[in-house]
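Chemist: What follows is query-v4.cif, mmCIF, C-alpha atoms.
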```
data_protein
loop_
_atom_site.label_atom_id
_atom_site.label_comp_id
_atom_site.auth_asym_id
_atom_site.auth_seq_id
_atom_site.Cartn_x
_atom_site.Cartn_y
_atom_site.Cartn_z
CA MET A 1 -24.61 -5.24 -16.62
CA ILE A 2 -27.42 -6.05 -14.18
CA ILE A 3 -30.46 -7.67 -15.77
CA TYR A 4 -33.62 -6.84 -13.86
CA GLY A 5 -37.31 -6.42 -14.43
CA SER A 6 -40.62 -7.99 -13.53
CA ARG A 7 -42.43 -11.16 -14.51
CA ALA A 8 -45.72 -12.89 -13.82
CA THR A 9 -46.43 -16.50 -12.98
CA PRO A 10 -49.86 -18.18 -12.84
CA LEU A 11 -51.20 -18.91 -9.37
CA LYS A 12 -54.74 -20.13 -9.94
CA SER A 13 -57.25 -20.56 -12.76
CA ILE A 14 -60.89 -21.64 -12.46
CA THR A 15 -63.82 -22.09 -14.81
CA LEU A 16 -67.07 -20.38 -13.85
CA PRO A 17 -69.74 -22.95 -14.80
CA ASN A 18 -72.72 -20.77 -13.84
CA GLU A 19 -71.65 -17.51 -15.48
CA ALA A 20 -72.32 -16.34 -19.03
CA CYS A 21 -69.87 -14.33 -21.08
CA PRO A 22 -70.94 -10.67 -21.16
CA ASN A 23 -69.82 -10.49 -24.81
CA CYS A 24 -71.18 -13.66 -26.51
CA ASN A 25 -73.56 -14.75 -23.75
CA THR A 26 -72.19 -18.33 -23.77
CA LYS A 27 -72.62 -19.97 -20.37
CA GLY A 28 -69.94 -22.03 -18.63
CA MET A 29 -67.07 -20.85 -20.83
CA MET A 30 -65.68 -18.10 -18.58
CA MET A 31 -62.22 -18.78 -17.14
CA MET A 32 -60.76 -16.59 -14.42
CA SER A 33 -57.01 -16.49 -13.61
CA VAL A 34 -54.79 -14.87 -11.00
CA PHE A 35 -51.07 -14.26 -11.53
CA SER A 36 -48.31 -13.26 -9.16
CA ARG A 37 -46.08 -10.43 -10.34
CA TYR A 38 -42.55 -10.32 -8.97
CA ALA A 39 -39.38 -8.31 -9.47
CA HIS A 40 -36.33 -10.26 -10.56
CA ILE A 41 -32.58 -9.74 -10.79
CA PHE A 42 -30.88 -12.04 -13.29
CA TRP A 43 -34.24 -13.86 -13.53
CA ILE A 44 -34.11 -14.78 -9.83
CA PRO A 45 -37.37 -13.75 -8.09
CA THR A 46 -36.47 -11.05 -5.59
CA PHE A 47 -39.74 -9.83 -4.10
CA PRO A 48 -43.44 -9.88 -5.06
CA LEU A 49 -45.12 -6.89 -6.67
CA GLY A 50 -48.65 -8.10 -6.02
CA ARG A 51 -51.33 -10.11 -7.80
CA LYS A 52 -53.14 -9.41 -11.02
CA GLY A 53 -55.48 -11.33 -13.24
CA GLY A 54 -58.52 -11.29 -15.42
CA SER A 55 -61.14 -13.40 -17.14
CA GLN A 56 -61.34 -14.87 -20.62
CA CYS A 57 -64.20 -16.43 -22.51
CA GLN A 58 -63.09 -19.72 -24.06
CA GLN A 59 -65.75 -19.27 -26.74
CA CYS A 60 -65.19 -15.74 -28.07
CA GLN A 61 -61.75 -15.17 -26.46
CA GLN A 62 -62.75 -11.83 -24.94
CA VAL A 63 -60.38 -10.84 -22.11
CA LEU A 64 -61.58 -8.62 -19.28
CA GLN A 65 -59.31 -6.85 -16.82
CA PRO A 66 -60.69 -6.32 -13.28
CA GLY A 67 -61.55 -2.67 -14.02
CA ASN A 68 -63.69 -3.69 -17.00
CA MET A 69 -65.51 -6.63 -15.41
CA PRO A 70 -69.24 -6.46 -14.75
CA PRO A 71 -70.08 -6.49 -11.02
CA PHE A 72 -70.93 -10.23 -10.85
CA LEU A 73 -67.49 -11.13 -12.30
CA LYS A 74 -65.58 -8.51 -10.30
CA MET A 75 -67.00 -9.88 -7.04
CA GLN A 76 -65.83 -13.41 -7.87
CA TYR A 77 -62.46 -12.10 -9.01
CA ASP A 78 -61.94 -10.19 -5.73
CA GLN A 79 -62.83 -13.32 -3.72
CA MET A 80 -60.41 -15.41 -5.78
CA VAL A 81 -57.56 -12.91 -5.27
CA ALA A 82 -58.25 -12.78 -1.53
CA GLN A 83 -58.01 -16.59 -1.32
CA THR A 84 -54.84 -16.85 -3.40
CA ARG A 85 -51.53 -16.51 -1.59
CA ILE A 86 -48.31 -15.22 -3.08
CA PRO A 87 -45.85 -18.14 -3.09
CA LEU A 88 -42.84 -17.96 -0.79
CA TRP A 89 -40.41 -18.50 -3.66
CA ASN A 90 -41.26 -14.97 -4.87
CA TRP A 91 -39.14 -13.81 -1.90
CA ILE A 92 -36.14 -16.07 -2.62
CA GLY A 93 -33.90 -13.30 -3.97
CA LEU A 94 -34.60 -11.02 -1.02
CA ALA A 95 -33.95 -13.92 1.36
CA GLY A 96 -30.67 -14.62 -0.46
CA ILE A 97 -29.63 -10.98 -0.17
CA ALA A 98 -30.46 -11.01 3.56
CA VAL A 99 -28.39 -14.17 4.08
CA LEU A 100 -25.49 -12.62 2.15
CA VAL A 101 -25.61 -9.40 4.19
CA ILE A 102 -25.73 -11.36 7.47
CA SER A 103 -22.84 -13.57 6.34
CA ILE A 104 -20.73 -10.56 5.39
CA ALA A 105 -21.53 -8.85 8.70
CA ARG A 106 -20.58 -11.97 10.64
CA GLY A 107 -17.40 -12.34 8.58
CA VAL A 108 -16.42 -8.72 9.29
CA ALA A 109 -17.16 -9.18 13.01
CA ALA A 110 -15.10 -12.39 13.10
CA ASP A 111 -12.24 -10.67 11.23
CA LYS A 112 -12.29 -7.79 13.72
CA ALA A 113 -12.24 -10.27 16.61
CA ASP A 114 -9.22 -12.01 15.04
CA ASP A 115 -7.49 -8.64 14.56
CA ARG A 116 -7.92 -7.77 18.23
CA LEU A 117 -6.64 -11.19 19.29
CA TYR A 118 -3.56 -10.84 17.05
CA LEU A 119 -2.91 -7.30 18.31
CA SER A 120 -3.09 -8.37 21.95
CA ASN A 121 -0.83 -11.39 21.28
CA PRO A 122 1.49 -10.32 18.46
CA LEU A 123 3.94 -12.71 16.82
CA ALA A 124 6.96 -12.12 14.62
CA GLY A 125 5.78 -12.35 11.02
CA ASP A 126 2.42 -10.66 11.60
CA LEU A 127 1.53 -8.24 8.81
CA TYR A 128 -0.35 -5.02 9.47
CA GLU A 129 -2.15 -3.41 6.53
CA PHE A 130 -2.17 0.35 7.02
CA LYS A 131 -2.98 3.67 5.38
CA THR A 132 0.08 5.71 4.46
CA GLU A 133 0.58 9.44 4.93
CA THR A 134 0.07 9.89 1.18
CA ASN A 135 -3.39 8.23 1.27
CA GLY A 136 -2.03 5.00 -0.13
CA TYR A 137 -1.93 1.53 1.40
CA SER A 138 1.03 -0.56 2.46
CA LEU A 139 2.30 -3.25 4.83
CA MET A 140 4.17 -3.26 8.10
CA LYS A 141 5.82 -6.52 9.25
CA VAL A 142 6.51 -7.46 12.87
CA ILE A 143 10.06 -8.79 13.15
CA GLU A 144 10.41 -8.83 16.94
CA VAL A 145 8.01 -8.80 19.87
CA ARG A 146 9.11 -7.08 23.10
CA PRO A 147 7.17 -6.83 26.38
CA ASP A 148 5.91 -3.29 25.73
CA SER A 149 6.78 -2.68 22.07
CA LEU A 150 7.14 -4.18 18.61
CA VAL A 151 9.99 -3.95 16.16
CA VAL A 152 8.61 -3.52 12.64
CA GLN A 153 9.76 -3.05 9.08
CA TYR A 154 7.81 -1.14 6.45
CA ASN A 155 7.28 -2.38 2.93
CA GLN A 156 9.19 -0.39 0.32
CA PHE A 157 6.08 -0.04 -1.84
CA GLU A 158 2.54 1.21 -1.52
CA THR A 159 -0.58 0.93 -3.64
CA ASP A 160 -3.42 3.33 -4.30
CA LYS A 161 -6.05 0.63 -3.77
CA MET A 162 -6.82 -1.18 -0.55
CA THR A 163 -7.49 -4.37 -2.51
CA GLY A 164 -3.99 -4.29 -4.00
CA VAL A 165 -2.14 -4.57 -0.69
CA TYR A 166 -1.93 -8.37 -0.86
CA LYS A 167 0.39 -8.02 -3.87
CA LEU A 168 2.91 -6.19 -1.70
CA ARG A 169 3.62 -9.32 0.33
CA MET A 170 6.04 -10.43 -2.37
CA LYS A 171 7.72 -7.01 -2.51
CA PRO A 172 10.81 -6.22 -0.37
CA PHE A 173 10.62 -4.59 3.04
CA GLU A 174 12.98 -1.86 4.18
CA ASP A 175 16.19 -2.89 5.94
CA ALA A 176 15.61 -0.30 8.64
CA ALA A 177 13.64 -1.38 11.70
CA TYR A 178 11.39 0.82 13.83
CA ILE A 179 10.21 0.42 17.38
CA LEU A 180 6.55 1.14 18.08
CA SER A 181 4.94 0.79 21.47
CA ARG A 182 2.01 -1.57 21.76
CA LYS A 183 -0.14 1.42 22.66
CA GLU A 184 0.87 3.17 19.43
CA ILE A 185 -0.11 0.05 17.46
CA LEU A 186 -3.49 -0.17 19.24
CA ASP A 187 -4.11 3.55 18.70
CA MET A 188 -3.36 3.13 14.99
CA TYR A 189 -5.87 0.29 14.84
CA GLU A 190 -8.56 2.17 16.76
CA SER A 191 -8.15 5.17 14.45
CA ASN A 192 -8.34 2.84 11.40
CA LYS A 193 -4.82 3.71 10.27
CA ILE A 194 -4.13 -0.01 10.67
CA TYR A 195 -7.21 -1.63 9.16
CA ASP A 196 -6.32 -5.33 8.98
CA VAL A 197 -3.98 -7.82 10.64
CA ASP A 198 -2.80 -10.95 8.84
CA ARG A 199 -1.11 -13.92 10.39
#
```
Can the structure in the file be given as structure tokens, please?

Modeler:
Amino acid sequence: MIIYGSRATPLKSITLPNEACPNCNTKGMMMMSVFSRYAHIFWIPTFPLGRKGGSQCQQCQQVLQPGNMPPFLKMQYDQMVAQTRIPLWNWIGLAGIAVLVISIARGVAADKADDRLYLSNPLAGDLYEFKTETNGYSLMKVIEVRPDSLVVQYNQFETDKMTGVYKLRMKPFEDAAYILSRKEILDMYESNKIYDVDR
């Protein structure tokens, strides 16, 4: 379950010493505040939703939203909002997501680079994760490297989930061996039939 929503945090509050409350007419008791609204996921600020605020008389407790303020208060409110910046920490969740996406992209790129290195310089014991003809997933193990081909054995089992292939490492491989040219192996990788190489 993902917990998300929005919250507000105070940014700035000031007392207006020269202004009188439009309700009780008490002077110097008007307080004006600006809040930052932000979206959150699991209570972590993700991105700002803007600023909001209002005024409150400390004498009669009347609260005025910007749309209900008399012109002299609305002008001061607009100036206060314009001078109040949204804090950078309101963006922390979005920054975290960006870092995560970049890290994953770099990890995938590094993994692909490793795969290509292993394919161009295969070793006995390398494991190729591949898609089967029945839309499952299984393993192929290199047991011998020849100048222009590889001798491989197929795992006796397959799984219906890509994430379950690692469990097959402990399962037996077929006794029969098959010879595949290096070009066939590279073609299988380029067509995503082989999707990962483990060493």

Chemist: Go ahead and compute the interatomic distance for atom CA of Asp148 of chain A and atom CA of Glu133 of chain A, in Å to one decimal.

Modeler: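 Computed distance, atom CA of Asp148 of chain A to atom CA of Glu133 of chain A, equals 25.0 Å.
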
Chemist: Kindly indicate which residue among A:Ser181, A:Ser191, A:Thr84, A:Ser13 lies nearest to Arg146 of chain A, using all atoms listed in the file for the distances.

Modeler: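 Once distances to Arg146 of chain A are computed over all atoms listed in the file, the minimum belongs to A:Ser181.
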
Chemist: Nearest to Tyr4 of chain A: which of A:Leu117, A:Cys24, A:Ser36, A:Phe42 is it, counting all atoms listed in the file?

Modeler: A:Phe42

Chemist: Select, from A:Cys21, A:Gln83, A:Gly5, A:Thr26, the residue with the minimum atom-to-atom distance to Arg51 of chain A, counting only C-alpha atoms.

Modeler: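 Comparing A:Cys21, A:Gln83, A:Gly5, A:Thr26 against Arg51 of chain A, the winner is A:Gln83.
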
Chemist: Give as a ChimeraX atom specification every residue, naming chains and numbers as the document does, that has an atom within 9 Å of (-62.4, -21.2, -24.3), counting all atoms listed in the file.

Modeler: /A:29-31,56-61

Chemist: Taking only C-alpha atoms into account, which of A:Leu49, A:Leu139, A:Ala177, A:Met170 comes nearest Val152 of chain A?

Modeler: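 Smallest separation from Val152 of chain A among the options: A:Ala177.
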
Chemist: One decimal, in Å: what's the spacing between atom CA of Leu64 of chain A and atom CA of Trp43 of chain A?

Modeler: 28.4 Å

Chemist: Here is a test: counting only C-alpha atoms, which residue of A:Glu129, A:Asp160, A:Glu190, A:Asp175 is nearest to Ile143 of chain A?

Modeler: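 Under the stated criterion, the closest residue is A:Asp175.
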
Chemist: Please write as a list in words the full residue list that the PyMOL selection byres ((chain A and resi 158) around 7) yields on this file.

Modeler: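 Expected selection for the PyMOL selection byres ((chain A and resi 158) around 7) here is Gly136, Tyr137, Ser138, Phe157, Thr159 and Asp160 of chain A.
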
Chemist: Nearest residue to Phe47 of chain A out of A:Tyr128, A:Tyr178, A:Trp89, A:Tyr77, using all atoms listed in the file?

Modeler: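 Result for the nearest residue to Phe47 of chain A: A:Trp89.
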
Chemist: Between atom CA of Pro48 of chain A and atom CA of Met32 of chain A, what is the spacing in Å?

Modeler: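 Atom-to-atom, atom CA of Met32 of chain A and atom CA of Pro48 of chain A are spaced 20.8 Å apart.
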
Chemist: Which polymer residues have any atom within 12 Å of an atom of segment 95-102 of chain A, counting all atoms listed in the file, with same-chain residues fewer than 6 positions away left out, as a PyMOL selection string?

Modeler: chain A and resi 41+44-47+88-89+108-109

Chemist: With the file shown as input, list the residues that the PyMOL selection byres ((chain A and resi 195) around 8) selects, as a list in words.

Modeler: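 The output of the PyMOL selection byres ((chain A and resi 195) around 8) on this file is Tyr128, Glu129, Phe130, Lys131, Tyr189, Asn192, Lys193, Ile194, Asp196 and Val197 of chain A.
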